[in-house]
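The file structure.cif comes next; it holds mmCIF, C-alpha atoms.
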data_upload
#
loop_
_atom_site.label_atom_id
_atom_site.label_comp_id
_atom_site.auth_asym_id
_atom_site.auth_seq_id
_atom_site.Cartn_x
_atom_site.Cartn_y
_atom_site.Cartn_z
CA MET A 1 77.32 93.90 83.73
CA ARG A 2 80.39 94.46 81.55
CA LEU A 3 83.55 93.03 83.04
CA PRO A 4 86.17 95.69 83.82
CA ILE A 5 89.21 95.96 81.56
CA PHE A 6 92.47 95.66 83.47
CA SER A 7 95.84 97.21 82.75
CA VAL A 8 98.75 95.71 84.69
CA ILE A 9 101.68 98.10 85.01
CA GLY A 10 104.97 96.27 85.45
CA ALA A 11 106.01 92.89 84.04
CA GLY A 12 108.09 91.63 86.94
CA ASN A 13 107.34 88.65 89.17
CA GLY A 14 104.00 89.98 90.33
CA GLY A 15 102.89 91.70 87.15
CA GLN A 16 103.27 88.61 84.98
CA ALA A 17 101.46 86.43 87.52
CA MET A 18 98.61 88.92 87.90
CA ALA A 19 98.19 89.56 84.17
CA ALA A 20 98.15 85.84 83.39
CA HIS A 21 95.74 84.94 86.18
CA LEU A 22 93.32 87.76 85.32
CA SER A 23 93.37 86.66 81.69
CA LEU A 24 92.66 83.03 82.61
CA MET A 25 89.73 84.27 84.71
CA GLY A 26 88.24 85.78 81.56
CA PHE A 27 89.19 89.44 81.86
CA THR A 28 90.61 91.64 79.12
CA VAL A 29 94.15 92.44 80.23
CA ASN A 30 96.83 94.82 78.95
CA LEU A 31 100.37 94.40 80.26
CA TYR A 32 102.79 97.32 80.30
CA ASN A 33 106.49 97.47 81.05
CA ARG A 34 108.81 100.42 80.53
CA SER A 35 111.61 98.18 79.24
CA ARG A 36 110.59 96.32 76.10
CA GLU A 37 113.35 93.74 76.68
CA LYS A 38 111.36 92.33 79.61
CA LEU A 39 108.38 91.84 77.30
CA ALA A 40 110.30 90.05 74.54
CA SER A 41 109.71 86.48 75.70
CA ILE A 42 106.01 87.17 76.33
CA LEU A 43 105.63 88.66 72.86
CA ASN A 44 107.55 85.76 71.30
CA ASN A 45 105.47 83.17 73.14
CA GLY A 46 102.19 84.94 72.47
CA GLY A 47 101.36 85.03 76.18
CA ILE A 48 102.39 83.82 79.63
CA HIS A 49 102.69 80.24 80.85
CA LEU A 50 101.19 80.09 84.34
CA GLU A 51 101.87 77.21 86.71
CA GLY A 52 101.56 76.40 90.39
CA VAL A 53 98.20 76.78 92.12
CA VAL A 54 96.82 78.09 88.80
CA ASP A 55 97.83 76.38 85.58
CA GLY A 56 97.35 77.43 81.98
CA PHE A 57 98.53 79.52 79.06
CA ALA A 58 97.28 83.10 79.19
CA LYS A 59 96.86 85.21 76.07
CA LEU A 60 96.79 88.93 76.77
CA ASN A 61 94.86 91.62 74.95
CA MET A 62 97.97 93.82 74.67
CA VAL A 63 101.64 93.65 75.65
CA THR A 64 103.25 97.05 75.26
CA ASP A 65 105.85 99.57 76.37
CA ASP A 66 103.52 102.47 75.46
CA MET A 67 101.75 103.82 78.55
CA GLU A 68 99.03 105.61 76.60
CA ASP A 69 98.04 102.44 74.76
CA ALA A 70 98.22 100.39 77.94
CA ILE A 71 95.77 102.46 80.01
CA LYS A 72 93.54 104.39 77.61
CA ASP A 73 90.71 101.82 77.69
CA ALA A 74 91.38 100.40 81.14
CA ASP A 75 88.84 100.63 83.93
CA ILE A 76 91.23 99.36 86.60
CA ILE A 77 94.98 100.04 86.50
CA MET A 78 96.90 97.57 88.65
CA VAL A 79 100.35 98.95 89.46
CA THR A 80 102.79 96.15 90.36
CA VAL A 81 106.15 97.93 90.02
CA PRO A 82 108.35 98.32 93.11
CA ALA A 83 107.20 101.20 95.31
CA SER A 84 110.45 102.98 94.54
CA GLY A 85 109.04 103.42 91.02
CA HIS A 86 105.59 104.68 92.00
CA SER A 87 106.45 108.34 91.55
CA ASP A 88 107.94 107.83 88.07
CA ILE A 89 104.96 105.72 86.99
CA ALA A 90 102.51 108.33 88.29
CA TYR A 91 104.13 111.07 86.23
CA GLU A 92 104.28 108.82 83.16
CA MET A 93 100.62 107.92 83.55
CA LEU A 94 99.45 111.46 84.32
CA PRO A 95 98.83 112.82 80.77
CA HIS A 96 96.89 109.71 79.71
CA LEU A 97 94.46 109.26 82.61
CA ARG A 98 90.75 109.74 82.07
CA ASN A 99 87.76 110.22 84.33
CA ASP A 100 86.56 107.43 86.63
CA GLN A 101 89.60 105.21 86.29
CA ILE A 102 90.74 103.28 89.36
CA ILE A 103 94.45 102.99 90.14
CA VAL A 104 95.46 100.26 92.59
CA LEU A 105 98.98 100.02 94.00
CA ASN A 106 99.76 96.34 94.62
CA PRO A 107 100.90 97.01 97.31
CA GLY A 108 101.41 100.65 98.26
CA ARG A 109 104.03 99.75 100.87
CA THR A 110 103.92 102.67 103.34
CA PHE A 111 101.97 105.80 102.27
CA GLY A 112 102.22 104.87 98.59
CA ALA A 113 98.68 105.99 97.83
CA ILE A 114 99.38 109.39 99.39
CA GLU A 115 102.49 109.84 97.25
CA PHE A 116 100.69 108.71 94.10
CA TYR A 117 97.64 110.88 94.80
CA ASN A 118 99.83 113.94 95.33
CA ILE A 119 100.98 113.56 91.72
CA VAL A 120 97.68 112.55 90.15
CA LYS A 121 95.84 115.51 91.64
CA ILE A 122 98.04 117.84 89.57
CA ARG A 123 95.43 117.22 86.88
CA ASP A 124 92.36 118.96 88.25
CA ASP A 125 90.34 118.14 85.12
CA ILE A 126 89.83 114.47 85.97
CA ASN A 127 88.40 112.38 88.79
CA VAL A 128 90.25 109.15 89.51
CA VAL A 129 90.49 106.93 92.58
CA VAL A 130 93.90 105.98 93.95
CA ALA A 131 93.88 102.83 96.09
CA GLU A 132 96.45 100.56 97.66
CA THR A 133 96.58 97.06 99.10
CA ASP A 134 98.45 96.14 102.25
CA THR A 135 100.22 93.25 100.53
CA PHE A 136 100.57 91.59 97.14
CA ILE A 137 97.94 88.91 96.65
CA TYR A 138 100.36 86.31 95.23
CA ALA A 139 103.45 84.55 96.48
CA CYS A 140 105.02 84.05 93.06
CA ARG A 141 108.08 84.09 90.84
CA SER A 142 108.26 84.87 87.10
CA ASN A 143 110.91 84.67 84.42
CA ASN A 144 110.94 84.75 80.61
CA GLY A 145 107.18 84.54 80.22
CA ILE A 146 106.79 81.68 82.70
CA SER A 147 105.14 82.51 86.00
CA LYS A 148 104.59 80.30 89.03
CA ILE A 149 102.07 81.13 91.74
CA PHE A 150 103.05 79.34 94.94
CA ARG A 151 100.05 80.61 96.91
CA ILE A 152 97.21 83.12 96.73
CA LYS A 153 96.70 84.90 100.04
CA ASP A 154 93.44 84.32 101.89
CA VAL A 155 92.87 87.99 102.79
CA VAL A 156 94.15 91.24 101.25
CA SER A 157 93.05 94.63 102.59
CA LEU A 158 92.45 97.64 100.36
CA ALA A 159 91.95 101.32 101.09
CA SER A 160 91.50 104.32 98.83
CA ILE A 161 91.78 108.07 98.55
CA PRO A 162 89.15 109.28 99.20
CA ALA A 163 88.52 106.67 101.91
CA TRP A 164 84.79 106.37 101.25
CA LYS A 165 85.45 104.99 97.75
CA ALA A 166 87.04 101.78 99.12
CA ASP A 167 83.79 99.77 99.15
CA TYR A 168 83.16 100.63 95.50
CA VAL A 169 86.69 99.60 94.49
CA VAL A 170 86.49 96.38 96.52
CA ASP A 171 83.16 95.43 94.92
CA LEU A 172 84.69 95.76 91.45
CA LEU A 173 87.87 93.89 92.33
CA ARG A 174 85.90 91.07 93.91
CA LEU A 175 84.78 90.12 90.42
CA ALA A 176 88.33 88.76 90.21
CA TYR A 177 89.54 88.52 93.79
CA SER A 178 87.12 87.42 96.50
CA GLN A 179 90.00 87.75 98.99
CA ILE A 180 89.99 91.56 98.96
CA VAL A 181 88.35 93.32 101.92
CA PRO A 182 87.99 97.05 102.63
CA ALA A 183 90.24 98.76 105.15
CA GLU A 184 89.30 101.91 107.04
CA ASN A 185 91.80 104.13 105.27
CA VAL A 186 95.28 104.18 103.72
CA LEU A 187 96.87 104.65 107.14
CA GLU A 188 95.65 101.15 107.95
CA THR A 189 96.94 99.53 104.76
CA SER A 190 100.23 101.43 105.01
CA LEU A 191 100.95 100.50 108.62
CA ASN A 192 99.91 96.89 108.03
CA ASN A 193 102.75 96.64 105.51
CA ILE A 194 104.27 93.33 106.60
CA GLY A 195 106.86 93.52 103.82
CA SER A 196 108.58 96.17 105.92
CA ILE A 197 109.23 93.47 108.51
CA PHE A 198 109.83 90.40 106.34
CA HIS A 199 112.04 91.87 103.60
CA PRO A 200 114.87 94.31 104.52
CA ALA A 201 116.19 92.81 107.77
CA PRO A 202 116.45 89.15 106.66
CA THR A 203 118.15 90.28 103.45
CA LEU A 204 120.75 92.36 105.29
CA LEU A 205 121.31 89.73 107.98
CA ASN A 206 121.87 87.10 105.26
CA SER A 207 124.01 89.35 103.07
CA ALA A 208 127.14 87.17 103.13
CA ARG A 209 125.12 84.06 102.34
CA ILE A 210 123.33 85.80 99.47
CA GLU A 211 126.60 87.01 97.96
CA THR A 212 128.42 83.68 98.30
CA THR A 213 125.55 81.44 97.11
CA GLU A 214 123.76 83.87 94.75
CA GLY A 215 120.66 83.38 96.85
CA ASP A 216 120.60 79.60 96.60
CA PHE A 217 118.64 78.99 99.79
CA GLN A 218 115.04 79.28 100.90
CA TYR A 219 114.65 82.91 101.87
CA TYR A 220 112.01 82.57 104.58
CA LEU A 221 112.51 79.03 105.84
CA GLU A 222 116.32 79.12 105.97
CA GLY A 223 117.03 82.84 106.03
CA ILE A 224 114.83 83.59 109.03
CA SER A 225 116.40 81.69 111.92
CA PRO A 226 115.23 82.03 115.55
CA SER A 227 117.70 84.88 116.13
CA VAL A 228 116.68 86.74 112.95
CA ALA A 229 113.04 86.28 113.95
CA LYS A 230 113.74 88.06 117.25
CA ILE A 231 114.93 91.12 115.31
CA LEU A 232 111.79 91.00 113.18
CA GLU A 233 109.59 90.78 116.27
CA ARG A 234 111.22 93.88 117.74
CA MET A 235 110.78 95.79 114.46
CA ASP A 236 107.19 94.64 114.41
CA ARG A 237 106.54 96.02 117.88
CA GLU A 238 107.90 99.39 116.76
CA ARG A 239 105.65 99.36 113.67
CA ILE A 240 102.64 98.54 115.84
CA ALA A 241 103.49 101.37 118.25
CA VAL A 242 103.61 103.90 115.38
CA ALA A 243 100.31 102.57 114.05
CA HIS A 244 98.63 102.89 117.44
CA ALA A 245 99.87 106.47 117.74
CA LEU A 246 98.01 107.17 114.46
CA GLY A 247 94.87 105.48 115.76
CA VAL A 248 95.38 102.45 113.50
CA ASN A 249 94.56 99.02 114.91
CA ALA A 250 97.46 97.31 113.15
CA VAL A 251 97.79 93.54 113.00
CA THR A 252 100.97 91.87 114.25
CA ALA A 253 103.13 89.91 111.83
CA LEU A 254 102.14 86.75 113.70
CA ASP A 255 98.44 87.46 113.28
CA TRP A 256 98.99 88.49 109.66
CA LEU A 257 100.38 85.03 108.87
CA LYS A 258 97.24 83.58 110.45
CA ASP A 259 94.96 85.82 108.36
CA ALA A 260 96.86 85.53 105.07
CA TYR A 261 97.87 81.87 105.17
CA GLY A 262 95.92 80.26 108.00
CA VAL A 263 99.07 79.61 110.07
CA ILE A 264 98.78 79.44 113.86
CA ALA A 265 101.88 79.47 116.08
CA ASP A 266 103.15 80.92 119.35
CA ASN A 267 106.03 82.92 117.87
CA LEU A 268 107.12 84.38 114.56
CA TYR A 269 109.86 81.87 113.85
CA ASP A 270 107.55 78.87 114.26
CA ALA A 271 104.83 80.57 112.20
CA ILE A 272 107.17 81.22 109.29
CA GLN A 273 108.42 77.62 109.38
CA LYS A 274 104.82 76.40 109.17
CA THR A 275 103.92 78.61 106.19
CA ASP A 276 103.70 76.29 103.18
CA ALA A 277 103.49 79.27 100.81
CA TYR A 278 107.13 80.05 101.59
CA ARG A 279 108.46 76.64 100.60
CA GLY A 280 110.57 76.90 97.46
CA LEU A 281 110.84 80.70 97.55
CA LEU A 282 114.55 81.42 97.13
CA ALA A 283 116.49 84.42 98.36
CA PRO A 284 117.43 87.29 96.02
CA LYS A 285 120.40 86.48 93.78
CA ASN A 286 122.22 89.61 94.93
CA LEU A 287 121.83 92.52 97.28
CA ASN A 288 120.72 94.95 94.58
CA CYS A 289 117.16 93.80 95.12
CA ARG A 290 113.78 95.34 95.84
CA TYR A 291 113.82 93.95 99.39
CA ILE A 292 116.30 96.74 100.07
CA PHE A 293 115.97 99.45 97.38
CA GLU A 294 112.17 99.33 97.62
CA ASP A 295 111.35 98.33 101.18
CA VAL A 296 113.90 100.46 103.01
CA PRO A 297 113.05 103.91 101.56
CA MET A 298 109.38 103.19 100.81
CA SER A 299 108.47 101.11 103.88
CA LEU A 300 110.87 101.62 106.76
CA VAL A 301 111.77 105.29 106.23
CA PRO A 302 108.14 106.50 106.30
CA ILE A 303 107.42 104.42 109.43
CA SER A 304 110.47 105.94 111.11
CA SER A 305 109.67 109.44 109.85
CA ILE A 306 106.09 109.51 111.09
CA GLY A 307 107.25 107.83 114.30
CA LYS A 308 109.69 110.65 114.99
CA GLN A 309 106.96 113.23 114.40
CA LEU A 310 104.68 111.42 116.86
CA GLY A 311 107.42 110.83 119.44
CA ILE A 312 107.53 107.04 118.95
CA PRO A 313 111.06 105.54 119.04
CA THR A 314 111.97 103.14 116.23
CA HIS A 315 115.55 102.20 117.15
CA THR A 316 115.61 98.75 115.52
CA ILE A 317 113.98 99.97 112.32
CA ASP A 318 116.43 102.88 112.24
CA SER A 319 119.38 100.50 112.56
CA ILE A 320 118.21 98.52 109.51
CA ILE A 321 117.84 101.75 107.50
CA HIS A 322 121.36 102.75 108.52
CA LEU A 323 122.87 99.38 107.59
CA ALA A 324 121.12 99.40 104.22
CA SER A 325 122.37 102.93 103.54
CA CYS A 326 125.93 101.86 104.36
CA MET A 327 125.76 98.71 102.25
CA HIS A 328 124.29 100.39 99.17
CA GLU A 329 126.17 103.66 99.74
CA VAL A 330 122.87 105.47 99.37
CA ASN A 331 121.27 107.84 101.87
CA TYR A 332 117.90 106.13 102.16
CA TRP A 333 116.79 108.66 104.75
CA LYS A 334 117.16 111.36 102.10
CA ILE A 335 115.50 109.58 99.15
CA GLY A 336 112.77 107.83 101.14
CA ARG A 337 109.19 108.81 101.81
CA THR A 338 109.34 111.28 104.68
CA VAL A 339 106.56 113.28 106.29
CA GLY A 340 107.93 116.36 104.55
CA LYS A 341 107.71 114.83 101.08
CA LEU A 342 104.24 113.44 101.78
CA GLY A 343 102.78 116.74 102.97
CA LEU A 344 102.25 115.43 106.51
CA GLU A 345 104.95 117.35 108.35
CA GLY A 346 103.76 119.22 111.43
CA LYS A 347 100.23 117.87 111.20
CA SER A 348 98.44 116.34 114.14
CA VAL A 349 96.93 112.87 114.00
CA GLU A 350 93.50 114.44 113.66
CA GLU A 351 94.61 116.62 110.75
CA ILE A 352 96.23 113.67 108.98
CA LYS A 353 93.12 111.52 109.36
CA GLU A 354 90.87 114.34 108.18
CA MET A 355 92.98 114.70 105.03
CA ILE A 356 92.94 110.99 104.30
CA GLU A 357 89.31 110.35 105.11
CA GLY A 358 87.56 113.12 103.26
CA LEU A 359 90.15 115.24 101.48
CA LYS A 360 88.77 118.30 103.23
CA GLU A 361 92.25 119.79 103.05
CA GLU A 362 94.56 119.55 100.09
CA ILE A 363 97.63 117.31 100.36
CA THR A 364 100.55 119.29 99.02
CA VAL A 365 103.52 118.05 97.05
CA ALA A 366 106.83 118.82 98.75
#
In structure tokens, write the structure found in this file.
Amino acid sequence: MRLPIFSVIGAGNGGQAMAAHLSLMGFTVNLYNRSREKLASILNNGGIHLEGVVDGFAKLNMVTDDMEDAIKDADIIMVTVPASGHSDIAYEMLPHLRNDQIIVLNPGRTFGAIEFYNIVKIRDDINVVVAETDTFIYACRSNNGISKIFRIKDVVSLASIPAWKADYVVDLLRLAYSQIVPAENVLETSLNNIGSIFHPAPTLLNSARIETTEGDFQYYLEGISPSVAKILERMDRERIAVAHALGVNAVTALDWLKDAYGVIADNLYDAIQKTDAYRGLLAPKNLNCRYIFEDVPMSLVPISSIGKQLGIPTHTIDSIIHLASCMHEVNYWKIGRTVGKLGLEGKSVEEIKEMIEGLKEEITVA
């Protein structure tokens, strides 16, 4: 069996780690980034230095800022850009896609695969699969062609549109990642988006510390105190309630830490403190970071939006969206993924699930 060719889209923290690791595993890997400046050190070095739980120097098949070159021969396209860039990437990719390619959003955040599929289906002359994971497989940091993987998660769930293609995608990806397991559908991966709980609120609640220290503290271990953890637990209960209203058996943040990292504790604060993968992970250097500009509009807003449609209150989540909007002076309610933009407005749970499962009804672009 020929090994699949990978194209990694986005050369940030995750993209560099993924491209390097896949290359060291023996796969042909292309790495794309829209800004060539971010590729300069990789091009100058001739590859990526990988350290941490995986160590080595990874040479890539191609490092480019040309989307057509990056994906034309790829079997699997791994999108690692922030979810706030998914729409732009989908449109950029659209003219160059070919039949039978697999696009995986790593991760999709909340309803990312639906948004991406809405754009991809504009081309009715090709058949591609759009998939998403519930989380990014690595805890990592990258800079100037040097990437460090602190931990590889034990379990990562994946779902696809159409839903019945997930097993096929998982089988292919398991050639590289044995940790990937199939989820029922993209509602499950979207509502098990733990980044929605672990990213925006701790960032906002540590905003003064981030600005005065330029993020010089351990984000999870120091930034999530017992009081901050209580806020996260309340947000988590709201997320779970929305998931249950959609018929999704979502996992709690506490159980997710057990599944992903093998951590067992009685409460969220203790579990986070016991998570070795979080040791050494520093806070963002400033508040113009993806933990807000990605996770608020692309994680929290869609949870709140679908919650309102289903009659599920999300008061704590809404307060975080409001604070982020005030701090960034951006209306995240307006630019975020809402049921209207996703083509889900006014639909019953049964209608939404029918769309996602079998595509018996077209999802429309707002």
Each region 273-330 of chain A residue no farther than 12 Å from region 112-130 of chain A, nearest pair in Å, only C-alpha atoms, as a Markdown table:
| residue | atom | partner | partner_atom | distance |
| --- | --- | --- | --- | --- |
| A:Glu294 | CA | A:Gly112 | CA | 11.4 |
| A:Asp295 | CA | A:Gly112 | CA | 11.5 |
| A:Pro297 | CA | A:Gly112 | CA | 11.3 |
| A:Met298 | CA | A:Gly112 | CA | 7.7 |
| A:Ser299 | CA | A:Gly112 | CA | 9.0 |
| A:Pro302 | CA | A:Gly112 | CA | 9.9 |
Polymer residues at most 12 Å from Val170 (chain A), only C-alpha atoms, same-chain spacing of 4 or more positions, as number ranges by chain: A: 76, 102, 104, 129, 131-133, 156-160, 163-166, 174-183
Neighbour list for Gly12 (chain A) as a VMD selection string, cut-off 12 Å, all atoms listed in the file, skip fewer than 3 positions in-chain: chain A and resid 8 to 9 15 to 19 31 to 35 37 to 39 42 79 to 82 140 to 147 290
Shell around Tyr138 (chain A) at 7 Å using all atoms listed in the file, local window under 6 positions removed, as an MDAnalysis selection string: chainID A and resid 149 151:153
Coordinates-based distance that separates CA of Leu60 (chain A) from CA of Ser41 (chain A) (Å, one decimal): 13.2 Å
Point-to-point distance in Å for CA of His96 (chain A) and CA of Tyr168 (chain A): 22.8 Å
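The neighbours of Ile272 (chain A) here are the residues that come within 8 Å of it, using all atoms listed in the file and leaving out any residue fewer than 2 positions away in the same chain; they are Tyr220, Leu221, Leu257, Leu268, Tyr269, Asp270, Lys274, Thr275 and Tyr278 of chain A.
CA of Ala283 (chain A) is found 13.8 Å from CA of Ser225 (chain A).
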Matched chain/residue IDs from the PyMOL selection byres ((chain A and resi 237-250) around 6), as a count of residues only: 10
Selected residue of minimal separation from Ala83 (chain A) among A:Tyr219, A:Phe6, A:Phe27, A:Phe111, counting all atoms listed in the file: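 Nearest candidate to Ala83 (chain A) out of A:Tyr219, A:Phe6, A:Phe27, A:Phe111: A:Phe111.
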For this structure, which residues satisfy the selection - the PyMOL selection byres ((chain A and resi 223) around 12) - when it is evaluated on the file as given? I want them as an mmCIF file with C-alpha atoms, in the coordinates of the input.
data_model
loop_
_atom_site.group_PDB
_atom_site.id
_atom_site.type_symbol
_atom_site.label_atom_id
_atom_site.label_comp_id
_atom_site.auth_asym_id
_atom_site.auth_seq_id
_atom_site.Cartn_x
_atom_site.Cartn_y
_atom_site.Cartn_z
ATOM 1 C CA PHE A 198 109.830 90.400 106.340
ATOM 2 C CA HIS A 199 112.040 91.870 103.600
ATOM 3 C CA PRO A 200 114.870 94.310 104.520
ATOM 4 C CA ALA A 201 116.190 92.810 107.770
ATOM 5 C CA PRO A 202 116.450 89.150 106.660
ATOM 6 C CA THR A 203 118.150 90.280 103.450
ATOM 7 C CA LEU A 204 120.750 92.360 105.290
ATOM 8 C CA LEU A 205 121.310 89.730 107.980
ATOM 9 C CA ASN A 206 121.870 87.100 105.260
ATOM 10 C CA SER A 207 124.010 89.350 103.070
ATOM 11 C CA ALA A 208 127.140 87.170 103.130
ATOM 12 C CA ARG A 209 125.120 84.060 102.340
ATOM 13 C CA ILE A 210 123.330 85.800 99.470
ATOM 14 C CA GLY A 215 120.660 83.380 96.850
ATOM 15 C CA ASP A 216 120.600 79.600 96.600
ATOM 16 C CA PHE A 217 118.640 78.990 99.790
ATOM 17 C CA GLN A 218 115.040 79.280 100.900
ATOM 18 C CA TYR A 219 114.650 82.910 101.870
ATOM 19 C CA TYR A 220 112.010 82.570 104.580
ATOM 20 C CA LEU A 221 112.510 79.030 105.840
ATOM 21 C CA GLU A 222 116.320 79.120 105.970
ATOM 22 C CA ILE A 224 114.830 83.590 109.030
ATOM 23 C CA SER A 225 116.400 81.690 111.920
ATOM 24 C CA PRO A 226 115.230 82.030 115.550
ATOM 25 C CA SER A 227 117.700 84.880 116.130
ATOM 26 C CA VAL A 228 116.680 86.740 112.950
ATOM 27 C CA ALA A 229 113.040 86.280 113.950
ATOM 28 C CA TYR A 269 109.860 81.870 113.850
ATOM 29 C CA ILE A 272 107.170 81.220 109.290
ATOM 30 C CA GLN A 273 108.420 77.620 109.380
ATOM 31 C CA TYR A 278 107.130 80.050 101.590
ATOM 32 C CA ARG A 279 108.460 76.640 100.600
ATOM 33 C CA LEU A 281 110.840 80.700 97.550
ATOM 34 C CA LEU A 282 114.550 81.420 97.130
ATOM 35 C CA ALA A 283 116.490 84.420 98.360
ATOM 36 C CA PRO A 284 117.430 87.290 96.020
#
Residue among A:Glu214, A:Asp266, A:Asp259, A:Glu351 lying closest to Cys289 (chain A), counting all atoms listed in the file: A:Glu214
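For Glu345 (chain A), the list of residues within 8 Å, based on only C-alpha atoms and with local chain neighbours fewer than 4 positions off taken out, reads Gln309, Val339 and Gly340 of chain A.
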For the structure provided, state which residues fall under the PyMOL selection byres ((chain A and resi 63) around 6), and present them as a PDB file with C-alpha atoms, in the coordinates of the input.
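Generated output (out_24.pdb):
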ATOM      1  CA  ASN A  30      96.830  94.820  78.950  1.00  0.00           C
ATOM      2  CA  LEU A  31     100.370  94.400  80.260  1.00  0.00           C
ATOM      3  CA  MET A  62      97.970  93.820  74.670  1.00  0.00           C
ATOM      4  CA  THR A  64     103.250  97.050  75.260  1.00  0.00           C
TER       5      THR A  64
END
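For the choices A:Leu43, A:Val169, A:Leu97, A:Met25, the atom-to-atom distance to Met67 (chain A) is smallest for A:Leu97 when using only C-alpha atoms.
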Rebuild N, CA, C and O atoms on region 93-104 of chain A, as a PDB file, in the frame of the given file?
ATOM      1  N   MET A  93     102.039 108.206  83.758  1.00  0.00           N
ATOM      2  CA  MET A  93     100.620 107.920  83.550  1.00  0.00           C
ATOM      3  C   MET A  93      99.785 109.200  83.452  1.00  0.00           C
ATOM      4  O   MET A  93      98.738 109.232  82.788  1.00  0.00           O
ATOM      5  N   LEU A  94     100.236 110.243  84.112  1.00  0.00           N
ATOM      6  CA  LEU A  94      99.450 111.460  84.320  1.00  0.00           C
ATOM      7  C   LEU A  94      98.784 112.018  83.064  1.00  0.00           C
ATOM      8  O   LEU A  94      97.568 112.290  83.082  1.00  0.00           O
ATOM      9  N   PRO A  95      99.478 112.207  81.934  1.00  0.00           N
ATOM     10  CA  PRO A  95      98.830 112.820  80.770  1.00  0.00           C
ATOM     11  C   PRO A  95      97.746 111.948  80.129  1.00  0.00           C
ATOM     12  O   PRO A  95      96.926 112.463  79.369  1.00  0.00           O
ATOM     13  N   HIS A  96      97.753 110.653  80.429  1.00  0.00           N
ATOM     14  CA  HIS A  96      96.890 109.710  79.710  1.00  0.00           C
ATOM     15  C   HIS A  96      95.701 109.227  80.528  1.00  0.00           C
ATOM     16  O   HIS A  96      94.882 108.452  80.020  1.00  0.00           O
ATOM     17  N   LEU A  97      95.581 109.684  81.774  1.00  0.00           N
ATOM     18  CA  LEU A  97      94.460 109.260  82.610  1.00  0.00           C
ATOM     19  C   LEU A  97      93.162 109.891  82.145  1.00  0.00           C
ATOM     20  O   LEU A  97      93.149 110.983  81.565  1.00  0.00           O
ATOM     21  N   ARG A  98      92.069 109.197  82.403  1.00  0.00           N
ATOM     22  CA  ARG A  98      90.750 109.740  82.070  1.00  0.00           C
ATOM     23  C   ARG A  98      89.835 109.578  83.282  1.00  0.00           C
ATOM     24  O   ARG A  98      90.145 108.863  84.244  1.00  0.00           O
ATOM     25  N   ASN A  99      88.708 110.242  83.226  1.00  0.00           N
ATOM     26  CA  ASN A  99      87.760 110.220  84.330  1.00  0.00           C
ATOM     27  C   ASN A  99      87.335 108.814  84.727  1.00  0.00           C
ATOM     28  O   ASN A  99      87.167 107.933  83.867  1.00  0.00           O
ATOM     29  N   ASP A 100      87.166 108.632  86.039  1.00  0.00           N
ATOM     30  CA  ASP A 100      86.560 107.430  86.630  1.00  0.00           C
ATOM     31  C   ASP A 100      87.459 106.193  86.585  1.00  0.00           C
ATOM     32  O   ASP A 100      86.995 105.093  86.883  1.00  0.00           O
ATOM     33  N   GLN A 101      88.710 106.355  86.203  1.00  0.00           N
ATOM     34  CA  GLN A 101      89.600 105.210  86.290  1.00  0.00           C
ATOM     35  C   GLN A 101      90.003 104.952  87.744  1.00  0.00           C
ATOM     36  O   GLN A 101      90.033 105.857  88.573  1.00  0.00           O
ATOM     37  N   ILE A 102      90.315 103.693  88.023  1.00  0.00           N
ATOM     38  CA  ILE A 102      90.740 103.280  89.360  1.00  0.00           C
ATOM     39  C   ILE A 102      92.193 102.812  89.258  1.00  0.00           C
ATOM     40  O   ILE A 102      92.518 101.959  88.434  1.00  0.00           O
ATOM     41  N   ILE A 103      93.046 103.382  90.087  1.00  0.00           N
ATOM     42  CA  ILE A 103      94.450 102.990  90.140  1.00  0.00           C
ATOM     43  C   ILE A 103      94.684 102.267  91.457  1.00  0.00           C
ATOM     44  O   ILE A 103      94.378 102.795  92.530  1.00  0.00           O
ATOM     45  N   VAL A 104      95.210 101.048  91.378  1.00  0.00           N
ATOM     46  CA  VAL A 104      95.460 100.260  92.590  1.00  0.00           C
ATOM     47  C   VAL A 104      96.953  99.941  92.669  1.00  0.00           C
ATOM     48  O   VAL A 104      97.511  99.339  91.754  1.00  0.00           O
TER      49      VAL A 104
END
